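**Q** Got a file for you: model.cif, mmCIF, C-alpha atoms.
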data_entry
loop_
_atom_site.label_atom_id
_atom_site.label_comp_id
_atom_site.auth_asym_id
_atom_site.auth_seq_id
_atom_site.Cartn_x
_atom_site.Cartn_y
_atom_site.Cartn_z
CA MET E 1 -23.12 -25.09 36.15
CA ASN E 2 -23.31 -22.06 38.37
CA ALA E 3 -25.25 -19.01 37.36
CA ILE E 4 -23.07 -16.47 35.59
CA SER E 5 -23.92 -12.83 36.15
CA ALA E 6 -23.98 -10.30 33.34
CA TYR E 7 -23.24 -7.61 35.93
CA PRO E 8 -20.97 -7.22 37.74
CA LEU E 9 -18.17 -8.83 35.76
CA CYS E 10 -17.90 -12.55 36.43
CA TRP E 11 -14.25 -13.43 35.70
CA PRO E 12 -13.01 -17.03 35.57
CA PRO E 13 -10.70 -17.81 38.51
CA THR E 14 -8.19 -19.62 36.26
CA VAL E 15 -7.33 -16.54 34.16
CA PRO E 16 -5.11 -13.81 35.62
CA ARG E 17 -6.18 -10.19 35.17
CA TYR E 18 -4.18 -7.87 32.89
CA LYS E 19 -2.16 -5.34 34.87
CA ALA E 20 -1.31 -2.69 32.26
CA ARG E 21 -4.05 -2.13 29.71
CA GLU E 22 -3.48 -0.93 26.16
CA LYS E 23 -5.61 1.52 24.21
CA GLY E 24 -6.21 -0.90 21.34
CA SER E 25 -6.54 0.05 17.70
CA PHE E 26 -10.09 -1.19 17.12
CA LYS E 27 -12.38 1.41 15.61
CA THR E 28 -15.75 0.23 16.87
CA THR E 29 -18.57 1.29 19.12
CA LEU E 30 -19.87 -0.68 22.06
CA ALA E 31 -23.05 -1.56 20.14
CA ALA E 32 -21.11 -2.70 17.07
CA ALA E 33 -18.68 -4.78 19.14
CA LEU E 34 -21.61 -6.45 20.96
CA ASN E 35 -23.22 -7.21 17.62
CA ASN E 36 -19.93 -8.63 16.27
CA VAL E 37 -19.57 -11.02 19.23
CA GLU E 38 -23.19 -12.19 19.01
CA THR E 39 -22.92 -12.69 15.23
CA SER E 40 -19.62 -14.58 15.54
CA LEU E 41 -21.06 -16.88 18.21
CA ARG E 42 -24.13 -17.60 16.09
CA ARG E 43 -22.02 -18.30 13.00
CA PHE E 44 -19.60 -20.47 14.95
CA GLY E 45 -22.50 -22.57 16.24
CA THR E 46 -23.83 -22.93 12.68
CA ASP E 47 -20.40 -23.72 11.18
CA SER E 48 -19.61 -26.34 13.82
CA ASP E 49 -23.12 -27.84 13.71
CA LYS E 50 -23.00 -27.64 17.53
CA PRO E 51 -25.44 -25.07 18.88
CA ILE E 52 -24.27 -22.46 21.34
CA SER E 53 -26.48 -21.87 24.36
CA ASN E 54 -26.52 -20.10 27.72
CA ILE E 55 -24.67 -17.04 26.38
CA VAL E 56 -23.82 -14.45 29.03
CA LEU E 57 -21.83 -11.33 28.20
CA SER E 58 -20.45 -10.40 31.61
CA SER E 59 -19.00 -6.93 32.23
CA ASN E 60 -19.16 -3.92 34.50
CA VAL E 61 -21.12 -1.90 31.94
CA THR E 62 -24.46 -0.77 33.35
CA LEU E 63 -27.21 1.52 32.20
CA GLY E 64 -25.74 5.01 32.37
CA ALA E 65 -22.16 3.80 32.96
CA ASN E 66 -20.70 2.41 29.76
CA ARG E 67 -17.10 3.39 30.66
CA PRO E 68 -16.47 1.39 33.87
CA GLN E 69 -13.17 1.54 35.74
CA ASP E 70 -12.77 -2.17 35.00
CA PRO E 71 -13.36 -2.62 31.23
CA GLY E 72 -12.88 -6.39 31.24
CA VAL E 73 -15.39 -8.63 29.48
CA ALA E 74 -16.00 -12.34 29.83
CA VAL E 75 -18.22 -14.17 27.35
CA TRP E 76 -19.61 -17.38 28.86
CA PHE E 77 -21.47 -19.99 26.82
CA VAL E 78 -22.06 -23.69 26.40
CA TRP E 79 -20.75 -25.35 23.23
CA ASP E 80 -20.65 -29.08 22.51
CA GLY E 81 -21.80 -29.74 26.09
CA VAL E 82 -18.91 -27.80 27.66
CA GLN E 83 -19.09 -24.48 29.47
CA VAL E 84 -16.64 -22.11 27.80
CA CYS E 85 -15.42 -18.68 28.85
CA ILE E 86 -13.47 -16.23 26.71
CA PRO E 87 -12.31 -13.43 29.02
CA VAL E 88 -10.41 -10.37 27.78
CA ASP E 89 -9.27 -7.33 29.76
CA ARG E 90 -6.16 -6.41 27.79
CA TYR E 91 -7.61 -3.14 26.49
CA SER E 92 -8.70 0.02 28.27
CA SER E 93 -12.20 0.08 26.78
CA THR E 94 -15.02 -2.42 26.97
CA GLU E 95 -15.66 -2.20 23.22
CA ALA E 96 -12.01 -3.06 22.43
CA ASN E 97 -12.15 -6.09 24.73
CA LEU E 98 -15.40 -7.21 23.08
CA GLN E 99 -13.88 -6.76 19.64
CA ALA E 100 -10.90 -8.90 20.71
CA ILE E 101 -13.35 -11.64 21.78
CA HIS E 102 -15.01 -11.36 18.36
CA HIS E 103 -11.63 -11.98 16.70
CA ILE E 104 -10.91 -14.96 18.99
CA ILE E 105 -14.23 -16.55 17.97
CA GLU E 106 -13.53 -15.79 14.32
CA ALA E 107 -10.18 -17.59 14.70
CA ARG E 108 -12.07 -20.70 15.84
CA ARG E 109 -14.20 -20.39 12.68
CA VAL E 110 -11.01 -20.33 10.59
CA GLU E 111 -9.86 -23.49 12.38
CA LEU E 112 -13.16 -25.12 11.42
CA ARG E 113 -12.76 -24.17 7.75
CA HIS E 114 -9.16 -25.33 7.47
CA GLY E 115 -8.95 -28.03 10.12
CA THR E 116 -11.34 -30.37 11.85
CA LEU E 117 -13.86 -30.29 14.65
CA ALA E 118 -11.31 -32.20 16.75
CA LEU E 119 -8.82 -29.34 16.27
CA VAL E 120 -11.39 -26.80 17.44
CA ARG E 121 -12.29 -28.93 20.45
CA ALA E 122 -8.60 -29.07 21.35
CA SER E 123 -8.21 -25.30 21.02
CA PHE E 124 -11.29 -24.73 23.17
CA GLN E 125 -9.72 -26.73 26.01
CA GLY E 126 -7.89 -23.55 26.96
CA PHE E 127 -11.22 -21.75 27.25
CA ARG E 128 -12.92 -24.50 29.22
CA ALA E 129 -14.45 -22.78 32.18
CA LEU E 130 -14.55 -23.97 35.73
CA PRO E 131 -17.74 -23.08 37.53
CA ALA E 132 -18.10 -19.34 37.95
CA PRO E 133 -16.79 -17.99 41.21
CA ALA E 134 -19.57 -17.74 43.75
CA GLU E 135 -20.29 -14.31 45.19
CA PRO E 136 -19.32 -14.20 48.87
CA HIS E 137 -22.15 -14.35 51.39
CA TRP E 138 -23.74 -10.96 52.09
CA SER E 139 -22.32 -10.98 55.63
CA GLU E 140 -18.75 -11.12 54.25
CA ILE E 141 -19.40 -8.16 51.94
CA LEU E 142 -21.11 -6.12 54.68
CA ARG E 143 -18.58 -7.33 57.27
CA CYS E 144 -21.11 -8.33 59.86
CA SER E 145 -22.36 -11.52 61.47
CA ARG E 146 -24.57 -13.95 59.57
CA ASP E 147 -26.90 -13.65 62.56
CA ALA E 148 -27.10 -9.86 62.35
CA ASP E 149 -30.55 -8.32 62.73
CA LEU E 150 -31.95 -5.65 60.41
CA ALA E 151 -30.52 -2.76 62.45
CA GLU E 152 -27.03 -4.32 62.47
CA ILE E 153 -27.24 -4.98 58.73
CA ASP E 154 -28.25 -1.38 58.08
CA LEU E 155 -25.40 -0.09 60.28
CA ALA E 156 -22.87 -2.34 58.51
CA PHE E 157 -24.17 -1.18 55.13
CA ARG E 158 -23.84 2.52 56.04
CA ARG E 159 -20.34 1.98 57.41
CA ALA E 160 -19.20 0.17 54.23
CA ALA E 161 -20.90 2.76 51.99
CA ARG E 162 -18.65 5.47 53.44
CA THR E 163 -15.75 4.06 51.41
CA ALA E 164 -17.58 2.17 48.63
CA HIS E 165 -19.64 5.10 47.33
CA PRO E 166 -18.19 6.80 44.21
CA ASP E 167 -18.42 10.22 45.91
CA ALA E 168 -16.19 8.90 48.71
CA GLY E 169 -13.46 7.43 46.50
CA GLY E 170 -15.23 4.13 45.80
CA SER E 171 -16.82 3.13 42.51
CA ASN E 172 -20.17 2.31 40.96
CA GLU E 173 -19.11 -1.35 40.90
CA LYS E 174 -18.26 -1.41 44.63
CA MET E 175 -21.51 0.35 45.51
CA ALA E 176 -23.55 -2.02 43.31
CA ARG E 177 -21.97 -5.00 45.04
CA LEU E 178 -22.71 -3.47 48.45
CA ASN E 179 -26.34 -2.73 47.47
CA ALA E 180 -26.78 -6.31 46.23
CA ALA E 181 -25.41 -7.65 49.53
CA ARG E 182 -27.79 -5.46 51.54
CA GLU E 183 -30.72 -6.54 49.37
CA ALA E 184 -29.82 -10.23 49.87
CA ALA E 185 -29.57 -9.69 53.62
CA MET E 186 -32.95 -7.94 53.79
CA LYS E 187 -34.54 -10.64 51.67
CA GLU E 188 -33.11 -13.35 53.94
CA ARG E 189 -34.39 -11.58 57.05
CA GLY E 190 -37.83 -11.15 55.49
#
Would you mind giving the structure from this file in structure tokens?
**A**
Amino acid sequence: MNAISAYPLCWPPTVPRYKAREKGSFKTTLAAALNNVETSLRRFGTDSDKPISNIVLSSNVTLGANRPQDPGVAVWFVWDGVQVCIPVDRYSSTEANLQAIHHIIEARRVELRHGTLALVRASFQGFRALPAPAEPHWSEILRCSRDADLAEIDLAFRRAARTAHPDAGGSNEKMARLNAAREAAMKERG
């Protein structure tokens, strides 16, 4: 299984993104919604007698930016030996998308109470996750050669930052991705 990143959002390639987001009627905070998802996952693992492991809550929420332009959330975990992903980006806020994931997990708990483990396994087939999409190589993000030297990498970074930076019409997410690519390039060049 590939490594799933908590930030930036790691979305499963098999699930299309929502085009028009709704406000949502959930009355919850980000902290409460996070707690609800974590509690539901723990209870589901206990109810099913199949522990949940490798939990990653992936989103574009970062320290100081809890209202990202892309509010989607994907909860990745391993249950019964299968990597599962429950992605939601239907709502315009991260907390509403998290709360929707909480309700999806709670629905699986209802299936356990009124059905069988086989029924839950069957319903989880729709959430079965392919390996997480790999981040493109730093040279693709910076739009330079894989053989670029440090000066060329720095020039490519500055050129890309002109449009990726939030002050230039970009976003925190684009700039974070660009910074991560530059860091990977510098690390590779020593």
**Q** The PyMOL selection byres ((chain E and resi 182) around 8) on the file shown: which residues, as a list in words?
**A**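 Applying the PyMOL selection byres ((chain E and resi 182) around 8) to the structure shown produces Trp138, Leu142, Ile153, Asp154, Phe157, Leu178, Asn179, Ala180, Ala181, Glu183, Ala184, Ala185 and Met186 of chain E.
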**Q** Just the number, please: distance in Å from atom CA of Arg67 of chain E to atom CA of His102 of chain E, one decimal.
**A**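 So the answer is 19.3 Å.
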**Q** If the PyMOL selection byres ((chain E and resi 78) around 6) were run on this exact file, what residues would it hold? Put them as a ChimeraX atom specification.
**A** /E:52-54,77,79,82-84
**Q** Could you work out how far atom CA of Glu188 of chain E lies from atom CA of Ser139 of chain E, giving the answer in Å with one decimal?
**A** 11.2 Å
**Q** How close does each residue of segment 56-174 of chain E get to segment 39-45 of chain E, giving the shortest atom pair and distance in Å to one decimal for every residue with an atom at most 10 Å away, counting only C-alpha atoms, sorted by chain and residue number, as CSV?
**A**
residue,atom,partner,partner_atom,distance
E:Val75,CA,E:Leu41,CA,9.9
E:Phe77,CA,E:Leu41,CA,9.2
E:Trp79,CA,E:Gly45,CA,7.7
E:Asp80,CA,E:Gly45,CA,9.2
E:Ile101,CA,E:Ser40,CA,9.3
E:His102,CA,E:Ser40,CA,6.3
E:His103,CA,E:Ser40,CA,8.5
E:Ile104,CA,E:Ser40,CA,9.4
E:Ile105,CA,E:Ser40,CA,6.2
E:Glu106,CA,E:Ser40,CA,6.3
E:Ala107,CA,E:Phe44,CA,9.9
E:Arg108,CA,E:Phe44,CA,7.6
E:Arg109,CA,E:Phe44,CA,5.9
E:Val110,CA,E:Phe44,CA,9.6
E:Leu112,CA,E:Phe44,CA,8.7
**Q** Starting from the shown file, work through the PyMOL selection byres ((chain E and resi 171) around 12) and note down what comes out as a VMD selection string.
**A** chain E and resid 60 65 67 to 70 161 to 170 172 to 178
**Q** Might you pull out every residue within 12 Å of Lys27 of chain E, with all atoms listed in the file counted and same-chain residues fewer than 3 positions away left off, and present them as a tab-separated table (two decimals) with C-alpha atoms, in the frame of the given file?
**A**
chain	number	residue	atom	x	y	z
E	23	LYS	CA	-5.61	1.52	24.21
E	24	GLY	CA	-6.21	-0.90	21.34
E	30	LEU	CA	-19.87	-0.68	22.06
E	31	ALA	CA	-23.05	-1.56	20.14
E	32	ALA	CA	-21.11	-2.70	17.07
E	33	ALA	CA	-18.68	-4.78	19.14
E	93	SER	CA	-12.20	0.08	26.78
E	95	GLU	CA	-15.66	-2.20	23.22
E	96	ALA	CA	-12.01	-3.06	22.43
E	97	ASN	CA	-12.15	-6.09	24.73
E	98	LEU	CA	-15.40	-7.21	23.08
E	99	GLN	CA	-13.88	-6.76	19.64
E	100	ALA	CA	-10.90	-8.90	20.71
**Q** Quick one, how far is atom CA of Asn36 of chain E from atom CA of Val56 of chain E?
**A**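 Between these atoms lies a distance of 14.6 Å.
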**Q** Pick out the closest residue to Ser123 of chain E from this set: E:Ile55, E:Ile86, E:Arg21, E:Ala3. Count only C-alpha atoms.
**A**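 So, comparing all the options, the nearest one is E:Ile86.
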**Q** Give the answer as one residue: which of E:Leu155, E:Leu150, E:Val88, E:Val37 has the shortest atom-to-atom distance to Glu22 of chain E, using only C-alpha atoms?
**A**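 Of E:Leu155, E:Leu150, E:Val88, E:Val37, the one nearest Glu22 of chain E, counting only C-alpha atoms, is E:Val88.
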**Q** Considering all atoms listed in the file, can you say which of E:Gly81, E:Ser48, E:Ala118, E:Ala156 comes closest to Glu140 of chain E?
**A**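 Checking each candidate against Glu140 of chain E, we get E:Ala156 as the closest.
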**Q** I need the residue nearest Val73 of chain E from this list: E:Pro87, E:Pro8, E:Pro136, E:Pro13. Use all atoms listed in the file for the distance.
**A**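 Residue with the minimum atom-to-atom distance to Val73 of chain E: E:Pro87.
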**Q** From the options E:Lys19, E:Arg121, E:Arg90, E:Arg143, which residue's atoms come nearest to Arg158 of chain E, counting all atoms listed in the file?
**A**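 Using all atoms listed in the file, the shortest distance to Arg158 of chain E belongs to E:Arg143.
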